[in-house]
Amino acid sequence: MQRWEVGSDFDWSEKILMSSPSSFWMPNHYQLFSTTTASLLALKPLLQKQSQQRIRIHVPSFYCMSLVSKLQTAFEVHWYQDLPTKFAPDFNSLKVSPGDVVIAVNLFGIKTQQLWQEWQQQNQDVILIEDHTHDPVSNWAKNSTADYVVASLHKTLPIPDGGIFWSPKNLPLTKPFGHESPGSYKRLTSMILKHSYLNGLAVNKDDYLQLSVEGQNELDDETNSVISAFTKNILNFLDLDKYRQQRASNISEFIQLNIQNPSLYWQPLFDSWSAETVPFNSIIVCSNQQIRDSLRRYLISHNIFPAIHWRQPDQGVAFDDLDAIALSEKILTIPTDQRYNSDDIFRIFEILDNFHP
């Protein structure tokens, strides 16, 4: 008997592979790393050749703090305000000098390219890196004019590791260092065991969860940043277009259900998005942190495992943007990605709709 669970890590089965390689878009010139963090850290020696001083890097105030903590080991980190609740970054808070690095993020896949293009034209002495993790093959990503682009592929694809790094301007790229991380194969083993568990086999859930944690900890050690042979060789057999279409359909259905049955305790972060854009997932904002945390516990008790993108502070790292901190206390990611069908979305929403703090 199959077990119904929503969220957390992807599971793995060869059934998800296409019968022949797909023709989805890839940059002309790119490098694959074990993680996006590794690709960003590998960029430092290339940039450092142009400056004797510690390089300043500017990141959004609403961002992954565990990534920021890694960046702090290599760069002098500054923040500017960019929130998923606002259409545009606060460019007045982005105070750059020539040679600085700026990371622009397509937060939850709902941001637009034009504002950053205009800013880049006025700041051509700054190195612009775009992070397209939440929608790696959006039109913005495909038509980027940034100096560099990164995306963490394993956040939206059923693979154990993988970060892609390219330059739309054909600038030099750094190569991964070390070897393949053993963590990727621990995570792959965890994904295979999870698939067996979901299909009713007598698999100890704690075992594959522990493997996933151990694998991620090893991937977080960027001394070995070569992408796994497994991920590198199956990427072309994954149907990215189909995944994006399913994700968009699921999120649209989730939002329509909410329009018909609005909640007293939460609301969607967004209810529309531009053409050729696909959001990362269904993101909700709760009335306050207490309700968010209570709702999260309730969902977990019903086998729905929502994530928090992103906690702040996290790992002792936080910025002084009170709006970003306030949002981080109320936000919750409801998994509605390509793993799920319309029946699943209705069931997820029905459980949400029955929540009372």
# chains A, B, ... in the order shown; residues from 1 in each chain; ligands from 1
>>> select_by_dssp(residues="segment 25-191 of chain A", states="alpha helix (DSSP H)", output="ChimeraX atom specification")
/A:36-42,44-48,65-71,114-122,139-142,182-191
>>> residues_around(residues="Ile283 of chain A", least_positions_apart="4", cutoff="12 Å", atoms="only C-alpha atoms", output="compact mmCIF listing (two decimals) with N, CA and C atoms, in the first residue's frame")
# COMPACT_ATOMS: atom_id res chain seq x y z
N PRO A 84 10.25 39.51 -1.52
CA PRO A 84 9.29 38.94 -2.48
C PRO A 84 7.92 39.59 -2.41
N THR A 85 7.68 40.39 -1.38
CA THR A 85 6.42 41.11 -1.26
C THR A 85 6.41 42.41 -2.03
N LEU A 107 13.58 35.76 -6.74
CA LEU A 107 12.95 35.21 -5.54
C LEU A 107 11.65 34.49 -5.87
N PHE A 108 11.60 33.20 -5.53
CA PHE A 108 10.44 32.34 -5.74
C PHE A 108 10.00 32.29 -7.20
N GLY A 109 10.88 32.72 -8.12
CA GLY A 109 10.57 32.65 -9.54
C GLY A 109 9.55 33.67 -10.01
N ILE A 110 9.29 34.72 -9.22
CA ILE A 110 8.22 35.66 -9.59
C ILE A 110 8.76 37.05 -9.91
N ILE A 251 0.24 25.13 -8.81
CA ILE A 251 0.22 26.39 -8.05
C ILE A 251 -1.02 27.20 -8.43
N SER A 252 -1.38 27.20 -9.71
CA SER A 252 -2.60 27.90 -10.14
C SER A 252 -3.83 27.31 -9.47
N PHE A 254 -3.91 25.66 -6.63
CA PHE A 254 -3.85 26.00 -5.21
C PHE A 254 -4.39 27.42 -4.97
N ILE A 255 -3.99 28.35 -5.80
CA ILE A 255 -4.42 29.74 -5.64
C ILE A 255 -5.91 29.87 -5.90
N ASN A 258 -7.79 28.79 -2.95
CA ASN A 258 -7.73 29.80 -1.90
C ASN A 258 -8.67 30.97 -2.20
N TRP A 266 -3.96 32.81 6.93
CA TRP A 266 -2.85 32.96 5.99
C TRP A 266 -3.38 33.42 4.64
N GLN A 267 -2.48 33.91 3.82
CA GLN A 267 -2.81 34.29 2.45
C GLN A 267 -1.64 33.98 1.54
N PRO A 268 -1.90 33.77 0.26
CA PRO A 268 -0.78 33.49 -0.66
C PRO A 268 0.15 34.69 -0.76
N LEU A 269 1.43 34.42 -0.90
CA LEU A 269 2.39 35.50 -1.11
C LEU A 269 2.11 36.20 -2.43
N PHE A 270 1.65 35.45 -3.44
CA PHE A 270 1.33 36.00 -4.75
C PHE A 270 0.13 35.25 -5.30
N ASP A 271 -0.63 35.89 -6.16
CA ASP A 271 -1.77 35.21 -6.79
C ASP A 271 -1.71 35.28 -8.31
N SER A 272 -0.62 35.82 -8.86
CA SER A 272 -0.42 35.84 -10.30
C SER A 272 1.06 36.00 -10.57
N PRO A 279 6.45 29.93 -10.79
CA PRO A 279 6.90 30.06 -9.40
C PRO A 279 7.54 28.78 -8.88
N PRO A 306 6.14 21.17 5.11
CA PRO A 306 6.46 22.47 4.52
C PRO A 306 7.83 22.96 4.96
N ALA A 307 8.46 23.71 4.10
CA ALA A 307 9.77 24.31 4.42
C ALA A 307 9.58 25.78 4.73
N ILE A 308 10.60 26.36 5.35
CA ILE A 308 10.62 27.79 5.63
C ILE A 308 11.74 28.41 4.80
N HIS A 309 11.34 29.21 3.81
CA HIS A 309 12.31 29.91 2.96
C HIS A 309 12.19 31.41 3.20
N TRP A 310 13.04 32.02 3.99
CA TRP A 310 14.11 31.38 4.75
C TRP A 310 14.07 31.91 6.18
N LEU A 327 9.03 39.10 7.71
CA LEU A 327 8.50 38.17 6.71
C LEU A 327 9.00 36.76 6.97
N SER A 328 10.25 36.62 7.35
CA SER A 328 10.83 35.30 7.60
C SER A 328 10.11 34.58 8.75
N LYS A 330 6.89 34.67 9.23
CA LYS A 330 5.50 34.35 8.89
C LYS A 330 5.36 33.50 7.62
N ILE A 331 6.45 33.33 6.89
CA ILE A 331 6.37 32.69 5.57
C ILE A 331 6.44 31.17 5.69
N LEU A 332 5.81 30.49 4.74
CA LEU A 332 5.82 29.03 4.72
C LEU A 332 5.67 28.55 3.28
N THR A 333 6.48 27.57 2.90
CA THR A 333 6.42 27.00 1.55
C THR A 333 5.59 25.72 1.58
N ILE A 334 4.47 25.73 0.84
CA ILE A 334 3.61 24.55 0.73
C ILE A 334 4.04 23.77 -0.52
N PRO A 335 4.51 22.53 -0.37
CA PRO A 335 5.01 21.79 -1.54
C PRO A 335 3.89 21.45 -2.53
N THR A 336 3.96 22.03 -3.71
CA THR A 336 2.98 21.73 -4.76
C THR A 336 3.71 21.57 -6.09
N ASP A 337 4.86 20.92 -6.06
CA ASP A 337 5.69 20.80 -7.26
C ASP A 337 5.21 19.66 -8.15
>>> closest_atom_pairs(of="segment 244-291 of chain A", to="segment 130-138 of chain A", cutoff="10 Å", atoms="only C-alpha atoms", output="tab-separated table")
residue	atom	partner	partner_atom	distance
A:Arg244	CA	A:Asp135	CA	8.5
A:Ala275	CA	A:Ser138	CA	9.9
A:Glu276	CA	A:Ser138	CA	6.6
A:Thr277	CA	A:Ser138	CA	5.9
A:Val278	CA	A:Asp135	CA	6.6
A:Pro279	CA	A:Asp135	CA	6.9
A:Phe280	CA	A:His134	CA	5.0
A:Asn281	CA	A:His134	CA	8.6
>>> residues_around(residues="segment 4-13 of chain A", least_positions_apart="3", cutoff="8 Å", atoms="only C-alpha atoms", output="JSON, numbers by chain")
{"A": [16, 157, 158, 159, 188, 190, 191, 192, 193, 194, 195, 198, 303, 304, 305, 306, 307, 334, 335, 336]}
>>> write_last_selection(atoms="C-alpha atoms", output="PDB file, in the first residue's frame")
ATOM      1  CA  ILE A  16      11.010   9.436 -14.151  1.00  0.00           C
ATOM      2  CA  LEU A 157      14.786  18.466  -9.884  1.00  0.00           C
ATOM      3  CA  PRO A 158      14.900  14.889  -8.533  1.00  0.00           C
ATOM      4  CA  ILE A 159      18.690  14.715  -8.319  1.00  0.00           C
ATOM      5  CA  LEU A 188      20.890   9.362  -3.765  1.00  0.00           C
ATOM      6  CA  SER A 190      18.236   8.245   0.692  1.00  0.00           C
ATOM      7  CA  MET A 191      16.108   9.162  -2.348  1.00  0.00           C
ATOM      8  CA  ILE A 192      15.921   5.512  -3.494  1.00  0.00           C
ATOM      9  CA  LEU A 193      14.962   4.342  -0.002  1.00  0.00           C
ATOM     10  CA  LYS A 194      12.335   7.075   0.231  1.00  0.00           C
ATOM     11  CA  HIS A 195      10.797   5.869  -3.022  1.00  0.00           C
ATOM     12  CA  LEU A 198       6.426   5.673  -0.222  1.00  0.00           C
ATOM     13  CA  ASN A 303       2.174  14.121   6.430  1.00  0.00           C
ATOM     14  CA  ILE A 304       2.723  17.468   4.704  1.00  0.00           C
ATOM     15  CA  PHE A 305       6.246  18.738   5.268  1.00  0.00           C
ATOM     16  CA  PRO A 306       6.462  22.472   4.519  1.00  0.00           C
ATOM     17  CA  ALA A 307       9.767  24.308   4.417  1.00  0.00           C
ATOM     18  CA  ILE A 334       3.615  24.547   0.733  1.00  0.00           C
ATOM     19  CA  PRO A 335       5.012  21.791  -1.545  1.00  0.00           C
ATOM     20  CA  THR A 336       2.982  21.728  -4.762  1.00  0.00           C
TER      21      THR A 336
END
>>> residues_around(residues="segment 351-355 of chain A", least_positions_apart="6", cutoff="10 Å", atoms="only C-alpha atoms", output="PyMOL selection string")
chain A and resi 257-258+261-266+294-296+298-299+302+304+334+345
>>> select_by_dssp(residues="segment 58-244 of chain A", states="strand (DSSP E)", output="list in words")
His58, Val59, Pro60, Glu76, Val77, His78, Trp79, Tyr80, Val101, Val102, Ile103, Ala104, Val105, Ile127, Leu128, Ile129, Glu130, Asp131, Tyr148, Val149, Val150, Ala151, Ser152, Gly163, Ile164, Phe165 and Trp166 of chain A
>>> write_last_selection(atoms="C-alpha atoms", output="PDB file, in the first residue's frame")
ATOM      1  CA  HIS A  58      25.949  42.525  -1.951  1.00  0.00           C
ATOM      2  CA  VAL A  59      23.072  40.094  -1.406  1.00  0.00           C
ATOM      3  CA  PRO A  60      19.318  40.560  -0.893  1.00  0.00           C
ATOM      4  CA  GLU A  76      32.869  41.094   2.738  1.00  0.00           C
ATOM      5  CA  VAL A  77      29.083  40.701   2.710  1.00  0.00           C
ATOM      6  CA  HIS A  78      26.647  43.615   2.509  1.00  0.00           C
ATOM      7  CA  TRP A  79      22.902  43.613   2.036  1.00  0.00           C
ATOM      8  CA  TYR A  80      20.359  45.598   0.081  1.00  0.00           C
ATOM      9  CA  VAL A 101      29.837  41.973  -6.748  1.00  0.00           C
ATOM     10  CA  VAL A 102      26.027  42.002  -6.596  1.00  0.00           C
ATOM     11  CA  ILE A 103      23.816  38.910  -6.415  1.00  0.00           C
ATOM     12  CA  ALA A 104      20.365  39.465  -7.912  1.00  0.00           C
ATOM     13  CA  VAL A 105      17.867  36.735  -7.052  1.00  0.00           C
ATOM     14  CA  ILE A 127      29.978  42.399 -11.393  1.00  0.00           C
ATOM     15  CA  LEU A 128      26.393  41.139 -11.532  1.00  0.00           C
ATOM     16  CA  ILE A 129      25.600  37.533 -10.608  1.00  0.00           C
ATOM     17  CA  GLU A 130      22.036  36.253 -10.965  1.00  0.00           C
ATOM     18  CA  ASP A 131      20.675  33.388  -8.875  1.00  0.00           C
ATOM     19  CA  TYR A 148      27.514  35.297 -14.247  1.00  0.00           C
ATOM     20  CA  VAL A 149      24.504  33.121 -13.466  1.00  0.00           C
ATOM     21  CA  VAL A 150      24.080  30.349 -10.906  1.00  0.00           C
ATOM     22  CA  ALA A 151      21.235  27.962 -10.124  1.00  0.00           C
ATOM     23  CA  SER A 152      20.902  25.119  -7.670  1.00  0.00           C
ATOM     24  CA  GLY A 163      24.615  23.520  -9.286  1.00  0.00           C
ATOM     25  CA  ILE A 164      25.030  25.119 -12.693  1.00  0.00           C
ATOM     26  CA  PHE A 165      27.286  28.121 -13.313  1.00  0.00           C
ATOM     27  CA  TRP A 166      27.625  30.074 -16.558  1.00  0.00           C
TER      28      TRP A 166
END
>>> residues_around(residues="Leu47 of chain A", least_positions_apart="4", cutoff="10 Å", atoms="only C-alpha atoms", output="short mmCIF file (atom, residue, chain, number, x, y, z; two decimals) with N, CA, C and O atoms, in the first residue's frame")
data_model
loop_
_atom_site.label_atom_id
_atom_site.label_comp_id
_atom_site.auth_asym_id
_atom_site.auth_seq_id
_atom_site.Cartn_x
_atom_site.Cartn_y
_atom_site.Cartn_z
N ALA A 42 34.04 29.26 -5.60
CA ALA A 42 35.10 29.01 -6.58
C ALA A 42 35.38 30.25 -7.43
O ALA A 42 36.44 30.36 -8.04
N LEU A 43 34.43 31.16 -7.45
CA LEU A 43 34.59 32.37 -8.25
C LEU A 43 35.57 33.35 -7.60
O LEU A 43 36.15 34.20 -8.29
N SER A 51 41.72 42.46 -7.81
CA SER A 51 41.69 43.35 -6.65
C SER A 51 42.56 42.79 -5.54
O SER A 51 42.57 41.58 -5.29
N GLN A 52 43.30 43.67 -4.86
CA GLN A 52 44.13 43.27 -3.74
C GLN A 52 43.33 43.30 -2.43
O GLN A 52 43.77 42.76 -1.41
N ILE A 55 36.98 41.33 -1.44
CA ILE A 55 35.91 41.68 -2.37
C ILE A 55 34.60 41.87 -1.61
O ILE A 55 34.23 41.06 -0.74
N GLY A 99 33.99 47.42 -9.00
CA GLY A 99 34.62 46.15 -8.64
C GLY A 99 33.82 45.32 -7.66
O GLY A 99 34.17 44.15 -7.41
N ASP A 100 32.75 45.89 -7.09
CA ASP A 100 31.90 45.11 -6.18
C ASP A 100 31.15 44.03 -6.95
O ASP A 100 30.99 44.10 -8.18
N VAL A 101 30.65 43.05 -6.19
CA VAL A 101 29.84 41.97 -6.75
C VAL A 101 28.42 42.10 -6.18
O VAL A 101 28.25 42.33 -4.98
N ILE A 127 30.19 43.77 -10.91
CA ILE A 127 29.98 42.40 -11.39
C ILE A 127 28.62 41.90 -10.91
O ILE A 127 28.36 41.83 -9.71
#
>>> closest_residue(among="A:Ile259, A:Ala146, A:Leu94, A:Leu67", to="Asn170 of chain A", atoms="only C-alpha atoms")
A:Ala146
>>> closest_residue(among="A:Asp221, A:Ser274, A:Thr189, A:Asp239", to="Gln113 of chain A", atoms="only C-alpha atoms")
A:Ser274
>>> closest_residue(among="A:Phe33, A:Trp116, A:Phe24, A:Phe87", to="Val226 of chain A", atoms="only C-alpha atoms")
A:Phe33
>>> residues_around(residues="Gln315 of chain A", least_positions_apart="6", cutoff="12 Å", atoms="only C-alpha atoms", output="ChimeraX atom specification")
/A:64-70
>>> write_last_selection(atoms="N, CA and C atoms", output="PDB file, in the first residue's frame")
ATOM      1  N   CYS A  64      18.881  33.140   1.613  1.00  0.00           N
ATOM      2  CA  CYS A  64      19.268  31.966   2.407  1.00  0.00           C
ATOM      3  C   CYS A  64      20.458  32.310   3.285  1.00  0.00           C
ATOM      4  N   MET A  65      20.247  32.328   4.583  1.00  0.00           N
ATOM      5  CA  MET A  65      21.298  32.758   5.506  1.00  0.00           C
ATOM      6  C   MET A  65      22.421  31.725   5.632  1.00  0.00           C
ATOM      7  N   SER A  66      22.134  30.452   5.385  1.00  0.00           N
ATOM      8  CA  SER A  66      23.217  29.462   5.432  1.00  0.00           C
ATOM      9  C   SER A  66      24.184  29.696   4.277  1.00  0.00           C
ATOM     10  N   LEU A  67      23.660  30.135   3.132  1.00  0.00           N
ATOM     11  CA  LEU A  67      24.530  30.503   2.019  1.00  0.00           C
ATOM     12  C   LEU A  67      25.319  31.764   2.367  1.00  0.00           C
ATOM     13  N   VAL A  68      24.656  32.713   2.975  1.00  0.00           N
ATOM     14  CA  VAL A  68      25.329  33.959   3.364  1.00  0.00           C
ATOM     15  C   VAL A  68      26.482  33.673   4.317  1.00  0.00           C
ATOM     16  N   SER A  69      26.267  32.735   5.243  1.00  0.00           N
ATOM     17  CA  SER A  69      27.327  32.417   6.208  1.00  0.00           C
ATOM     18  C   SER A  69      28.552  31.856   5.501  1.00  0.00           C
ATOM     19  N   LYS A  70      28.347  31.102   4.413  1.00  0.00           N
ATOM     20  CA  LYS A  70      29.474  30.593   3.622  1.00  0.00           C
ATOM     21  C   LYS A  70      30.146  31.731   2.851  1.00  0.00           C
TER      22      LYS A  70
END
>>> atom_distance(atom1="atom CA of Thr145 of chain A", atom2="atom CA of Pro168 of chain A")
5.8 Å
>>> closest_residue(among="A:Ala74, A:Val96, A:Ile300, A:Ala318", to="Gln53 of chain A", atoms="only C-alpha atoms")
A:Ala74
>>> closest_residue(among="A:Gln114, A:Gln256, A:Asn224, A:Ser287", to="Leu41 of chain A", atoms="only C-alpha atoms")
A:Asn224
>>> residues_around(residues="Phe75 of chain A", least_positions_apart="6", cutoff="7 Å", atoms="only C-alpha atoms", output="ChimeraX atom specification")
/A:54-57
>>> closest_residue(among="A:Arg3, A:Leu219, A:Ser23, A:Phe237", to="Lys205 of chain A", atoms="only C-alpha atoms")
A:Arg3
>>> atom_distance(atom1="atom CA of Tyr340 of chain A", atom2="atom CA of Thr35 of chain A")
25.5 Å
